[in-house]
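Enquirer: Coordinates in query17.cif, mmCIF, C-alpha atoms, are listed below.
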data_data
#
loop_
_atom_site.label_atom_id
_atom_site.label_comp_id
_atom_site.auth_asym_id
_atom_site.auth_seq_id
_atom_site.Cartn_x
_atom_site.Cartn_y
_atom_site.Cartn_z
CA MET K 261 0.00 0.00 0.00
CA LYS K 262 1.04 3.63 -0.38
CA ILE K 263 -0.18 7.03 0.68
CA TYR K 264 -0.52 10.02 -1.62
CA ASP K 265 0.68 12.88 0.51
CA TRP K 266 1.20 16.61 0.68
CA HIS K 267 3.74 16.79 3.41
CA ILE K 268 3.11 20.31 4.71
CA ALA K 269 -0.71 20.19 4.56
CA PRO K 270 -2.79 19.90 7.75
CA ASN K 271 -4.99 16.94 6.78
CA PRO K 272 -2.13 14.66 5.77
CA ARG K 273 -0.41 15.64 9.02
CA ARG K 274 -3.22 13.94 10.95
CA LEU K 275 -2.15 10.72 9.29
CA HIS K 276 1.59 11.32 9.78
CA ILE K 277 1.04 11.65 13.53
CA PHE K 278 -1.14 8.54 13.56
CA LEU K 279 1.53 6.49 11.74
CA ALA K 280 4.26 7.72 14.10
CA GLU K 281 2.21 6.86 17.20
CA LYS K 282 1.58 3.38 15.78
CA GLY K 283 5.18 2.92 14.67
CA LEU K 284 4.02 2.18 11.11
CA GLU K 285 5.96 2.93 7.96
CA ILE K 286 4.02 3.20 4.72
CA GLU K 287 5.40 4.53 1.45
CA LEU K 288 4.52 8.20 1.00
CA VAL K 289 4.12 9.61 -2.52
CA GLU K 290 4.41 13.41 -2.51
CA VAL K 291 1.86 15.04 -4.82
CA GLY K 292 1.93 18.58 -3.42
CA GLN K 293 3.74 21.22 -5.45
CA ASP K 294 5.65 24.34 -4.51
CA ASP K 295 2.84 26.60 -5.73
CA MET K 296 0.43 24.99 -3.21
CA THR K 297 -1.48 22.99 -5.79
CA LEU K 298 -1.66 19.22 -6.29
CA ALA K 299 0.23 17.57 -9.16
CA PRO K 300 -1.91 17.40 -12.33
CA SER K 301 -1.23 13.66 -12.70
CA PHE K 302 -2.78 13.06 -9.27
CA LYS K 303 -5.80 15.26 -9.94
CA GLU K 304 -6.43 13.48 -13.21
CA ARG K 305 -6.25 10.03 -11.67
CA TYR K 306 -8.20 10.86 -8.49
CA PRO K 307 -10.98 13.30 -9.32
CA HIS K 308 -11.80 13.74 -5.64
CA MET K 309 -8.56 15.78 -5.55
CA MET K 310 -7.84 15.59 -1.86
CA VAL K 311 -5.01 14.18 0.19
CA PRO K 312 -4.21 12.04 2.05
CA MET K 313 -5.27 9.04 -0.06
CA LEU K 314 -4.35 5.46 0.79
CA GLU K 315 -4.05 3.13 -2.19
CA LEU K 316 -4.17 -0.58 -1.39
CA ASP K 317 -2.34 -3.20 -3.42
CA ASP K 318 -5.66 -4.26 -4.98
CA GLY K 319 -6.14 -0.70 -6.27
CA THR K 320 -8.77 0.33 -3.70
CA CYS K 321 -8.40 4.00 -2.81
CA ILE K 322 -9.38 5.12 0.68
CA GLY K 323 -9.59 8.87 1.10
CA GLU K 324 -10.25 11.05 4.16
CA ALA K 325 -7.70 10.95 6.98
CA MET K 326 -10.06 9.42 9.55
CA ALA K 327 -11.26 6.68 7.18
CA ILE K 328 -7.62 5.75 6.57
CA CYS K 329 -6.91 5.77 10.31
CA ARG K 330 -9.94 3.56 10.92
CA TYR K 331 -8.65 1.04 8.39
CA LEU K 332 -5.13 1.02 9.83
CA GLU K 333 -6.46 0.79 13.40
CA GLU K 334 -8.15 -2.49 12.50
CA LEU K 335 -5.00 -3.88 10.89
CA HIS K 336 -2.72 -2.64 13.67
CA PRO K 337 -4.76 -2.30 16.87
CA GLU K 338 -1.85 -1.42 19.19
CA PRO K 339 -1.61 1.10 20.65
CA PRO K 340 -5.33 1.90 20.37
CA LEU K 341 -5.81 5.44 19.07
CA MET K 342 -9.58 5.32 18.47
CA GLY K 343 -10.86 4.06 21.83
CA ILE K 344 -10.72 0.85 23.87
CA ASP K 345 -14.39 -0.16 24.17
CA ALA K 346 -17.76 0.79 22.67
CA LYS K 347 -18.34 3.80 24.91
CA ASP K 348 -14.79 5.06 24.63
CA ARG K 349 -14.82 4.66 20.85
CA ALA K 350 -18.00 6.75 20.74
CA MET K 351 -16.40 9.48 22.83
CA VAL K 352 -13.34 9.52 20.57
CA ALA K 353 -15.56 9.71 17.47
CA MET K 354 -17.55 12.56 19.03
CA TRP K 355 -14.53 14.63 20.01
CA GLU K 356 -12.68 13.91 16.78
CA LYS K 357 -15.70 15.15 14.83
CA ARG K 358 -15.87 18.31 16.94
CA ALA K 359 -12.13 18.91 16.52
CA ASN K 360 -12.61 18.58 12.79
CA GLU K 361 -15.78 20.60 12.32
CA GLU K 362 -15.14 23.21 14.99
CA GLY K 363 -11.35 23.47 14.58
CA MET K 364 -9.99 22.15 11.29
CA LEU K 365 -12.83 23.39 9.07
CA PRO K 366 -12.85 26.94 10.52
CA ALA K 367 -9.04 27.09 10.27
CA SER K 368 -9.30 25.98 6.65
CA GLU K 369 -12.13 28.43 5.94
CA LEU K 370 -10.15 31.30 7.41
CA PHE K 371 -6.93 30.43 5.58
CA ARG K 372 -8.47 29.72 2.18
CA ASN K 373 -10.60 32.85 2.22
CA THR K 374 -7.78 35.22 3.15
CA HIS K 375 -4.49 33.89 1.75
CA PRO K 376 -3.51 35.45 -1.62
CA ARG K 377 -2.37 32.06 -2.96
CA PHE K 378 -5.96 30.84 -2.68
CA ALA K 379 -7.57 33.84 -4.36
CA ASP K 380 -9.88 31.67 -6.49
CA ARG K 381 -9.74 28.52 -4.37
CA GLY K 382 -12.08 29.31 -1.50
CA LEU K 383 -12.91 25.61 -1.12
CA PRO K 384 -10.75 22.47 -1.38
CA GLY K 385 -11.34 19.64 -3.83
CA SER K 386 -12.27 21.54 -6.97
CA SER K 387 -10.56 22.85 -10.08
CA GLU K 388 -13.39 25.32 -10.78
CA PRO K 389 -12.75 28.84 -9.49
CA ILE K 390 -14.36 29.42 -6.07
CA PRO K 391 -14.02 33.09 -5.09
CA GLN K 392 -12.94 34.00 -1.57
CA ILE K 393 -15.55 35.52 0.77
CA PRO K 394 -13.87 38.21 2.91
CA GLU K 395 -16.60 38.00 5.58
CA LEU K 396 -15.37 34.51 6.39
CA ARG K 397 -12.32 36.05 8.02
CA ASP K 398 -14.33 37.31 10.98
CA ARG K 399 -16.55 34.26 11.08
CA GLY K 400 -13.54 31.95 10.95
CA ARG K 401 -11.96 33.80 13.86
CA ALA K 402 -15.22 33.65 15.84
CA ARG K 403 -15.50 29.92 15.22
CA LEU K 404 -11.92 29.37 16.33
CA ASP K 405 -12.55 31.39 19.51
CA ARG K 406 -15.41 29.03 20.32
CA PHE K 407 -13.25 26.01 19.49
CA PHE K 408 -10.50 27.17 21.84
CA ALA K 409 -12.98 27.86 24.65
CA LYS K 410 -14.84 24.55 24.29
CA PHE K 411 -11.68 22.47 24.20
CA ASN K 412 -10.21 24.41 27.11
CA ARG K 413 -13.28 23.46 29.17
CA GLN K 414 -13.02 19.81 28.10
CA LEU K 415 -9.33 19.68 28.99
CA GLU K 416 -9.97 21.06 32.46
CA ASP K 417 -11.08 17.58 33.57
CA ASN K 418 -9.28 15.42 31.01
CA ALA K 419 -5.61 14.80 30.29
CA PHE K 420 -6.42 14.42 26.60
CA VAL K 421 -9.28 15.58 24.41
CA ALA K 422 -11.38 12.41 24.63
CA GLY K 423 -10.32 11.28 28.12
CA PRO K 424 -7.25 9.77 29.79
CA ARG K 425 -5.48 8.51 26.63
CA PHE K 426 -3.97 10.10 23.52
CA THR K 427 -6.30 9.44 20.56
CA VAL K 428 -7.10 10.69 17.07
CA ALA K 429 -9.19 13.41 18.72
CA ASP K 430 -5.89 14.88 19.95
CA THR K 431 -4.34 14.48 16.53
CA THR K 432 -7.10 16.44 14.83
CA ALA K 433 -7.24 19.08 17.56
CA LEU K 434 -3.45 19.59 17.43
CA CYS K 435 -3.50 19.95 13.65
CA ALA K 436 -6.39 22.41 13.96
CA VAL K 437 -4.55 24.60 16.49
CA ASP K 438 -1.43 24.68 14.32
CA PHE K 439 -3.48 25.29 11.14
CA ALA K 440 -5.12 28.28 12.85
CA GLY K 441 -1.57 29.55 13.42
CA TRP K 442 -1.11 29.77 9.64
CA SER K 443 -3.57 32.67 9.85
CA ASP K 444 -1.86 34.07 12.97
CA VAL K 445 -4.65 32.89 15.24
CA ARG K 446 -3.21 31.44 18.48
CA ILE K 447 -4.54 29.97 21.71
CA PRO K 448 -5.78 33.02 23.64
CA ASP K 449 -4.36 33.94 27.02
CA GLY K 450 -6.32 32.48 29.90
CA HIS K 451 -6.91 29.08 28.29
CA GLY K 452 -4.49 27.32 30.61
CA HIS K 453 -5.89 23.81 30.21
CA LEU K 454 -5.70 23.99 26.44
CA ARG K 455 -2.18 25.40 26.64
CA ARG K 456 -1.02 22.62 29.02
CA TRP K 457 -2.45 20.01 26.63
CA TYR K 458 -1.00 21.73 23.55
CA ASP K 459 2.49 21.82 25.04
CA ALA K 460 2.24 18.15 26.02
CA VAL K 461 1.02 16.82 22.65
CA SER K 462 3.41 19.08 20.73
CA ALA K 463 6.31 17.59 22.69
CA ARG K 464 5.50 14.02 21.60
CA PRO K 465 7.89 12.78 18.90
CA SER K 466 4.88 12.11 16.63
CA ALA K 467 4.14 15.85 16.41
CA LYS K 468 7.27 16.25 14.28
CA ALA K 469 6.41 13.35 11.96
CA MET Y 57 -30.75 5.30 27.71
CA LYS Y 58 -32.58 8.13 25.99
CA ILE Y 59 -32.07 10.44 23.05
CA TYR Y 60 -32.55 14.19 23.15
CA ASP Y 61 -34.19 14.92 19.85
CA TRP Y 62 -35.51 17.64 17.56
CA HIS Y 63 -37.84 15.64 15.45
CA ILE Y 64 -37.88 17.76 12.29
CA ALA Y 65 -34.16 18.58 12.20
CA PRO Y 66 -31.83 16.96 9.64
CA ASN Y 67 -29.11 15.68 11.99
CA PRO Y 68 -31.48 13.86 14.35
CA ARG Y 69 -33.13 12.37 11.27
CA ARG Y 70 -29.89 10.52 10.49
CA LEU Y 71 -30.34 8.74 13.79
CA HIS Y 72 -34.08 8.11 13.32
CA ILE Y 73 -33.35 6.29 10.05
CA PHE Y 74 -30.55 4.31 11.69
CA LEU Y 75 -32.81 3.20 14.54
CA ALA Y 76 -35.58 2.19 12.11
CA GLU Y 77 -33.17 0.16 9.96
CA LYS Y 78 -31.90 -1.61 13.09
CA GLY Y 79 -35.39 -2.11 14.52
CA LEU Y 80 -34.36 -0.36 17.73
CA GLU Y 81 -36.62 1.67 19.98
CA ILE Y 82 -35.02 4.18 22.32
CA GLU Y 83 -36.90 6.82 24.29
CA LEU Y 84 -36.87 10.16 22.46
CA VAL Y 85 -37.06 13.40 24.45
CA GLU Y 86 -38.16 16.29 22.25
CA VAL Y 87 -36.19 19.47 22.98
CA GLY Y 88 -36.93 21.41 19.79
CA GLN Y 89 -39.42 24.26 20.02
CA ASP Y 90 -41.92 25.77 17.60
CA ASP Y 91 -39.74 28.85 17.06
CA MET Y 92 -36.88 26.65 15.78
CA THR Y 93 -34.75 26.99 18.89
CA LEU Y 94 -33.78 24.38 21.48
CA ALA Y 95 -35.46 24.34 24.90
CA PRO Y 96 -33.58 26.53 27.42
CA SER Y 97 -33.45 23.66 29.94
CA PHE Y 98 -31.56 21.53 27.40
CA LYS Y 99 -29.16 24.30 26.45
CA GLU Y 100 -28.39 24.96 30.08
CA ARG Y 101 -27.69 21.31 30.86
CA TYR Y 102 -25.75 20.54 27.67
CA PRO Y 103 -23.64 23.55 26.73
CA HIS Y 104 -22.69 21.93 23.41
CA MET Y 105 -26.28 22.77 22.39
CA MET Y 106 -26.66 20.30 19.57
CA VAL Y 107 -28.97 17.39 18.94
CA PRO Y 108 -29.12 14.44 18.74
CA MET Y 109 -27.60 13.56 22.11
CA LEU Y 110 -27.66 10.05 23.58
CA GLU Y 111 -27.65 9.91 27.37
CA LEU Y 112 -26.66 6.56 28.88
CA ASP Y 113 -28.01 5.28 32.18
CA ASP Y 114 -24.66 6.10 33.83
CA GLY Y 115 -25.06 9.74 32.75
CA THR Y 116 -22.55 9.62 29.89
CA CYS Y 117 -23.64 11.90 27.05
CA ILE Y 118 -22.69 10.96 23.51
CA GLY Y 119 -23.28 13.70 20.96
CA GLU Y 120 -22.87 13.76 17.16
CA ALA Y 121 -25.15 11.49 15.13
CA MET Y 122 -22.34 9.29 13.78
CA ALA Y 123 -20.73 8.79 17.20
CA ILE Y 124 -24.12 7.64 18.50
CA CYS Y 125 -24.56 5.32 15.50
CA ARG Y 126 -21.08 3.88 16.08
CA TYR Y 127 -21.97 3.11 19.69
CA LEU Y 128 -25.28 1.49 18.80
CA GLU Y 129 -23.69 -0.48 15.95
CA GLU Y 130 -21.38 -2.16 18.46
CA LEU Y 131 -24.26 -2.99 20.81
CA HIS Y 132 -26.56 -4.15 17.99
CA PRO Y 133 -24.42 -5.32 15.06
CA GLU Y 134 -27.27 -6.61 12.89
CA PRO Y 135 -27.95 -5.53 10.24
CA PRO Y 136 -24.53 -3.93 9.73
CA LEU Y 137 -24.93 -0.30 8.69
CA MET Y 138 -21.27 0.78 8.97
CA GLY Y 139 -19.50 -1.87 6.91
CA ILE Y 140 -18.80 -5.60 7.13
CA ASP Y 141 -14.99 -5.77 7.22
CA ALA Y 142 -12.03 -3.42 7.63
CA LYS Y 143 -11.94 -2.25 4.03
CA ASP Y 144 -15.70 -1.89 3.77
CA ARG Y 145 -15.86 0.02 7.05
CA ALA Y 146 -13.22 2.42 5.71
CA MET Y 147 -15.24 2.98 2.53
CA VAL Y 148 -18.38 3.67 4.56
CA ALA Y 149 -16.48 6.11 6.81
CA MET Y 150 -15.06 7.86 3.73
CA TRP Y 151 -18.37 8.24 1.96
CA GLU Y 152 -20.24 9.17 5.12
CA LYS Y 153 -17.72 11.93 5.75
CA ARG Y 154 -18.10 13.20 2.19
CA ALA Y 155 -21.90 13.10 2.44
CA ASN Y 156 -21.63 15.12 5.62
CA GLU Y 157 -19.01 17.68 4.59
CA GLU Y 158 -20.03 18.02 0.97
CA GLY Y 159 -23.80 17.63 1.41
CA MET Y 160 -25.06 18.22 4.94
CA LEU Y 161 -22.74 21.09 5.81
CA PRO Y 162 -23.39 23.04 2.57
CA ALA Y 163 -27.14 22.48 2.96
CA SER Y 164 -26.90 23.77 6.51
CA GLU Y 165 -24.74 26.72 5.46
CA LEU Y 166 -27.20 27.68 2.74
CA PHE Y 167 -30.27 27.36 4.95
CA ARG Y 168 -28.86 29.12 7.99
CA ASN Y 169 -27.46 32.02 5.99
CA THR Y 170 -30.65 32.72 4.06
CA HIS Y 171 -33.66 31.79 6.20
CA PRO Y 172 -35.21 34.73 8.10
CA ARG Y 173 -35.65 32.63 11.23
CA PHE Y 174 -31.88 32.29 11.47
CA ALA Y 175 -31.09 35.98 10.98
CA ASP Y 176 -28.54 36.02 13.78
CA ARG Y 177 -27.82 32.29 13.91
CA GLY Y 178 -25.51 31.73 10.97
CA LEU Y 179 -23.87 28.79 12.76
CA PRO Y 180 -25.31 26.03 14.96
CA GLY Y 181 -24.30 25.37 18.56
CA SER Y 182 -24.03 28.88 19.93
CA SER Y 183 -26.19 31.35 21.78
CA GLU Y 184 -24.04 34.30 20.71
CA PRO Y 185 -25.32 36.18 17.66
CA ILE Y 186 -23.64 35.00 14.43
CA PRO Y 187 -24.71 37.22 11.52
CA GLN Y 188 -25.70 35.63 8.23
CA ILE Y 189 -23.33 36.02 5.25
CA PRO Y 190 -25.39 36.52 2.08
CA GLU Y 191 -22.49 35.39 -0.16
CA LEU Y 192 -22.87 31.93 1.30
CA ARG Y 193 -26.06 31.52 -0.70
CA ASP Y 194 -24.17 31.21 -3.96
CA ARG Y 195 -21.34 29.25 -2.43
CA GLY Y 196 -23.77 26.86 -0.76
CA ARG Y 197 -25.50 26.27 -4.08
CA ALA Y 198 -22.16 25.70 -5.82
CA ARG Y 199 -21.12 23.21 -3.16
CA LEU Y 200 -24.41 21.35 -3.48
CA ASP Y 201 -24.00 21.22 -7.27
CA ARG Y 202 -20.65 19.51 -6.76
CA PHE Y 203 -22.14 17.18 -4.17
CA PHE Y 204 -24.90 16.11 -6.56
CA ALA Y 205 -22.44 15.55 -9.42
CA LYS Y 206 -19.95 13.58 -7.33
CA PHE Y 207 -22.56 11.32 -5.81
CA ASN Y 208 -24.23 10.80 -9.19
CA ARG Y 209 -20.88 9.53 -10.53
CA GLN Y 210 -20.41 7.25 -7.52
CA LEU Y 211 -23.91 5.82 -7.91
CA GLU Y 212 -23.33 5.02 -11.56
CA ASP Y 213 -21.42 1.90 -10.50
CA ASN Y 214 -22.88 1.31 -7.05
CA ALA Y 215 -26.37 0.44 -5.84
CA PHE Y 216 -25.76 2.47 -2.69
CA VAL Y 217 -23.39 5.28 -1.80
CA ALA Y 218 -20.63 3.12 -0.27
CA GLY Y 219 -21.19 -0.01 -2.37
CA PRO Y 220 -23.72 -2.85 -2.61
CA ARG Y 221 -25.36 -2.38 0.82
CA PHE Y 222 -27.42 0.35 2.49
CA THR Y 223 -25.23 2.07 5.13
CA VAL Y 224 -24.96 5.25 7.16
CA ALA Y 225 -23.41 6.88 4.09
CA ASP Y 226 -26.84 6.61 2.46
CA THR Y 227 -28.52 7.94 5.58
CA THR Y 228 -26.39 11.06 5.61
CA ALA Y 229 -26.64 11.57 1.85
CA LEU Y 230 -30.43 11.21 1.94
CA CYS Y 231 -30.74 13.71 4.79
CA ALA Y 232 -28.44 16.08 2.88
CA VAL Y 233 -30.53 15.92 -0.30
CA ASP Y 234 -33.73 16.57 1.63
CA PHE Y 235 -32.10 19.34 3.69
CA ALA Y 236 -31.04 21.05 0.44
CA GLY Y 237 -34.72 20.94 -0.51
CA TRP Y 238 -35.48 23.21 2.47
CA SER Y 239 -33.71 25.89 0.42
CA ASP Y 240 -35.47 24.81 -2.80
CA VAL Y 241 -32.32 23.16 -4.15
CA ARG Y 242 -33.19 19.82 -5.81
CA ILE Y 243 -31.32 17.07 -7.66
CA PRO Y 244 -30.65 18.60 -11.09
CA ASP Y 245 -31.98 17.05 -14.27
CA GLY Y 246 -29.55 14.64 -15.89
CA HIS Y 247 -28.35 13.06 -12.62
CA GLY Y 248 -30.17 9.80 -13.32
CA HIS Y 249 -28.09 7.61 -11.03
CA LEU Y 250 -28.56 9.89 -8.07
CA ARG Y 251 -32.28 10.11 -8.82
CA ARG Y 252 -32.64 6.30 -9.04
CA TRP Y 253 -30.85 5.96 -5.68
CA TYR Y 254 -32.85 8.79 -4.10
CA ASP Y 255 -36.17 7.24 -5.09
CA ALA Y 256 -35.04 3.85 -3.76
CA VAL Y 257 -33.81 5.02 -0.36
CA SER Y 258 -36.76 7.42 0.06
CA ALA Y 259 -39.13 4.46 -0.45
CA ARG Y 260 -37.63 2.48 2.46
CA PRO Y 261 -39.89 2.55 5.54
CA SER Y 262 -36.97 4.02 7.56
CA ALA Y 263 -37.09 7.22 5.48
CA LYS Y 264 -40.36 8.09 7.21
CA ALA Y 265 -39.05 7.36 10.70
#
Rewrite the coordinates I just gave you, this time as structure tokens.
Expert:
Amino acid sequence: MKIYDWHIAPNPRRLHIFLAEKGLEIELVEVGQDDMTLAPSFKERYPHMMVPMLELDDGTCIGEAMAICRYLEELHPEPPLMGIDAKDRAMVAMWEKRANEEGMLPASELFRNTHPRFADRGLPGSSEPIPQIPELRDRGRARLDRFFAKFNRQLEDNAFVAGPRFTVADTTALCAVDFAGWSDVRIPDGHGHLRRWYDAVSARPSAKA
Amino acid sequence: MKIYDWHIAPNPRRLHIFLAEKGLEIELVEVGQDDMTLAPSFKERYPHMMVPMLELDDGTCIGEAMAICRYLEELHPEPPLMGIDAKDRAMVAMWEKRANEEGMLPASELFRNTHPRFADRGLPGSSEPIPQIPELRDRGRARLDRFFAKFNRQLEDNAFVAGPRFTVADTTALCAVDFAGWSDVRIPDGHGHLRRWYDAVSARPSAKA
């Protein structure tokens, strides 16, 4: 199997961290280009046009970082990164979804609608021009403020986002915080629980993967 | 266990269909109100302020429709609605995520940013005022056009969204198509595969649940 990758991009990073925590090595095929677009050969072959994409030896293509993680978690259950029993797996799924929709998506919305390189690429996964919407700057910032506050509250009583263990909910939340930083949005002062967690997960070797 | 519900809302509907397909009956507690807001008592108790929410007998609250489905799928595996083996489960997760992010979220964005009842509620899950962004009307429509086209292509070779079996990917896609209809956006002419699938899944008894 191999993974089509864009090494600097936030969504593939979720998978890099996952692989490092599992101790897995899978061939990475870089399809990102210096101008922040995907290689034409990749876009032609995979019309969904998003990375990461796991291609199995039988040709099956699994897209979406969490779908890939779910597949690899079944093949390589240790250490568990998606929960240890039915209830825990539900909590991880819930917090991972919130980290994605309330952190990653707002960070992406803010970046894509303000960065000059994305002037006609306001949404991912399309080759048609999608104009930026300047009002999404303020909304993106407001959404990220709520994300920081909600996760700070959750981390007041929990070592990690979904409870006592490091899981994919942490992976997504960490990538969201750092993606927000691309637009100069940082964890606000006063969010001590979020800051403590951020420093701890950033110090894991997997964060540099 | 019991489910906090808003019977007419699109996200709880994903769970209603799931329960009907499984033949499960769980107590539903209605917390939606006639003015399209959630009951204050619910918002106070559950600051995440989103439905559906499954409360277990030990007090654990599981939010997010797919996290709830994942929990119930483990307790009641038959019929499988989230895949039958590792690869199939990954495909279901991938297509469910696409149906959500490329169908449900754009339908929600379009509705919330255009409907007069949501004048200061441009985003779900908050009691702070979030102004509507009129430009999201066109973007929402463009996103839904892409959703329809992508799923029409997928359904050309597949009976259901994630392959030969009805799964949660169909549930989410069906709720997305119908949610788009709230803003008078319908499956465009010429998308015969999507139309064939839509008629089939709409005719299942679970679609009326």
Enquirer: Let me know the residues the PyMOL selection byres ((chain Y) within 8 of (chain K)) catches in the file above, as a CSV table (one decimal) with C-alpha atoms, in the coordinates of the input.
Expert:
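Wrote out-v6.csv, looks like this:
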chain,number,residue,atom,x,y,z
Y,118,ILE,CA,-22.7,11.0,23.5
Y,119,GLY,CA,-23.3,13.7,21.0
Y,120,GLU,CA,-22.9,13.8,17.2
Y,122,MET,CA,-22.3,9.3,13.8
Y,123,ALA,CA,-20.7,8.8,17.2
Y,124,ILE,CA,-24.1,7.6,18.5
Y,126,ARG,CA,-21.1,3.9,16.1
Y,127,TYR,CA,-22.0,3.1,19.7
Y,130,GLU,CA,-21.4,-2.2,18.5
Y,131,LEU,CA,-24.3,-3.0,20.8
Y,142,ALA,CA,-12.0,-3.4,7.6
Y,143,LYS,CA,-11.9,-2.2,4.0
Y,145,ARG,CA,-15.9,0.0,7.0
Y,146,ALA,CA,-13.2,2.4,5.7
Y,147,MET,CA,-15.2,3.0,2.5
Y,149,ALA,CA,-16.5,6.1,6.8
Y,150,MET,CA,-15.1,7.9,3.7
Y,153,LYS,CA,-17.7,11.9,5.8
Y,186,ILE,CA,-23.6,35.0,14.4
Y,189,ILE,CA,-23.3,36.0,5.2
Y,191,GLU,CA,-22.5,35.4,-0.2
Y,195,ARG,CA,-21.3,29.2,-2.4
Enquirer: Can you translate the PyMOL selection byres ((chain Y and resi 212) around 10) into the concrete residues it hits in this file, as a ChimeraX atom specification?
Expert: /Y:207-211,213-217,247-250,252-253
Enquirer: Take the residues that were just selected and, keeping C-alpha atoms, output them as a short mmCIF file (atom, residue, chain, number, x, y, z; two decimals), in the coordinates of the input.
Expert:
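Result file follows (again.cif):
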data_model
loop_
_atom_site.label_atom_id
_atom_site.label_comp_id
_atom_site.auth_asym_id
_atom_site.auth_seq_id
_atom_site.Cartn_x
_atom_site.Cartn_y
_atom_site.Cartn_z
CA PHE Y 207 -22.56 11.32 -5.81
CA ASN Y 208 -24.23 10.80 -9.19
CA ARG Y 209 -20.88 9.53 -10.53
CA GLN Y 210 -20.41 7.25 -7.52
CA LEU Y 211 -23.91 5.82 -7.91
CA ASP Y 213 -21.42 1.90 -10.50
CA ASN Y 214 -22.88 1.31 -7.05
CA ALA Y 215 -26.37 0.44 -5.84
CA PHE Y 216 -25.76 2.47 -2.69
CA VAL Y 217 -23.39 5.28 -1.80
CA HIS Y 247 -28.35 13.06 -12.62
CA GLY Y 248 -30.17 9.80 -13.32
CA HIS Y 249 -28.09 7.61 -11.03
CA LEU Y 250 -28.56 9.89 -8.07
CA ARG Y 252 -32.64 6.30 -9.04
CA TRP Y 253 -30.85 5.96 -5.68
#
Enquirer: With only C-alpha atoms as the basis for distance, which of Y:Val224, Y:Met106, Y:Ala265, Y:Ala232 is at the shortest distance from Trp62 in chain Y?
Expert: Y:Met106
Enquirer: Have a look at K:Gly363, K:Pro272, K:Pro340, K:Gly319 and name the one nearest to Asp405 in chain K; count all atoms listed in the file.
Expert: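 Of K:Gly363, K:Pro272, K:Pro340, K:Gly319, the one nearest Asp405 in chain K, counting all atoms listed in the file, is K:Gly363.
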Enquirer: Between CA of Arg401 in chain K and CA of Ala155 in chain Y, what is the distance in Å, rounded to a tenth?
Expert: 25.6 Å
Enquirer: Write out as a ChimeraX atom specification which residues come within 7 Å of Ser466 in chain K when counting only C-alpha atoms, dropping same-chain ones fewer than 5 positions away.
Expert: /K:277,280-281
Enquirer: Which residue is closest to Ala229 in chain Y? Choose from Y:Tyr102, Y:Phe74, Y:Phe174, Y:Phe203 and count all atoms listed in the file.
Expert: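 When distances to Ala229 in chain Y are compared using all atoms listed in the file, the smallest one comes from Y:Phe203.
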Enquirer: Check which residues satisfy the PyMOL selection byres ((chain Y and resi 241) around 10) in the file shown, then give them as a PyMOL selection string.
Expert: chain Y and resi 163+166+196-197+200-201+233-240+242-244
Enquirer: Keeping C-alpha atoms, export the residues of the selection given above as a PDB file, in the coordinates of the input.
Expert:
ATOM      1  CA  ALA Y 163     -27.140  22.480   2.960  1.00  0.00           C
ATOM      2  CA  LEU Y 166     -27.200  27.680   2.740  1.00  0.00           C
ATOM      3  CA  GLY Y 196     -23.770  26.860  -0.760  1.00  0.00           C
ATOM      4  CA  ARG Y 197     -25.500  26.270  -4.080  1.00  0.00           C
ATOM      5  CA  LEU Y 200     -24.410  21.350  -3.480  1.00  0.00           C
ATOM      6  CA  ASP Y 201     -24.000  21.220  -7.270  1.00  0.00           C
ATOM      7  CA  VAL Y 233     -30.530  15.920  -0.300  1.00  0.00           C
ATOM      8  CA  ASP Y 234     -33.730  16.570   1.630  1.00  0.00           C
ATOM      9  CA  PHE Y 235     -32.100  19.340   3.690  1.00  0.00           C
ATOM     10  CA  ALA Y 236     -31.040  21.050   0.440  1.00  0.00           C
ATOM     11  CA  GLY Y 237     -34.720  20.940  -0.510  1.00  0.00           C
ATOM     12  CA  TRP Y 238     -35.480  23.210   2.470  1.00  0.00           C
ATOM     13  CA  SER Y 239     -33.710  25.890   0.420  1.00  0.00           C
ATOM     14  CA  ASP Y 240     -35.470  24.810  -2.800  1.00  0.00           C
ATOM     15  CA  ARG Y 242     -33.190  19.820  -5.810  1.00  0.00           C
ATOM     16  CA  ILE Y 243     -31.320  17.070  -7.660  1.00  0.00           C
ATOM     17  CA  PRO Y 244     -30.650  18.600 -11.090  1.00  0.00           C
TER      18      PRO Y 244
END
Enquirer: Could you check how far CA of Lys99 in chain Y sits from CA of Met160 in chain Y, in Å to one decimal?
Expert: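 Separation of CA of Lys99 in chain Y and CA of Met160 in chain Y: 22.7 Å.
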Enquirer: Counting all atoms listed in the file, what are the residues of range 206-243 of chain Y within 12 Å of range 132-135 of chain Y, and for each of them which pair of atoms is the nearest and at what distance in Å, to one decimal? Sort the table by chain and rising number, as CSV.
Expert:
residue,atom,partner,partner_atom,distance
Y:Arg221,CA,Y:Pro135,CA,10.3
Y:Phe222,CA,Y:Pro135,CA,9.7
Y:Thr223,CA,Y:Pro135,CA,9.6
Y:Val224,CA,Y:Pro135,CA,11.6
Enquirer: When you draw a straight line from CA of Phe167 in chain Y to CA of Asp255 in chain Y, how long is it in Å?
Expert: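 CA of Asp255 in chain Y lies at a distance of 23.2 Å from CA of Phe167 in chain Y.
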Enquirer: Identify the residues within 7 Å of coordinate (1.4, 15.9, 13.4) (same frame as the file), considering all atoms listed in the file, and give the answer as a PyMOL selection string.
Expert: chain K and resi 273-274+276-277+431+435+466-469
Enquirer: Around range 299-314 of chain K, fit a box with edges along x, y and z, padding it by 5 Å on each side, then list its centre and edge lengths in Å to one decimal as lines of an AutoDock Vina configuration file.
Expert:
center_x = -5.8
center_y = 11.5
center_z = -5.6
size_x = 22.0
size_y = 22.1
size_z = 25.3
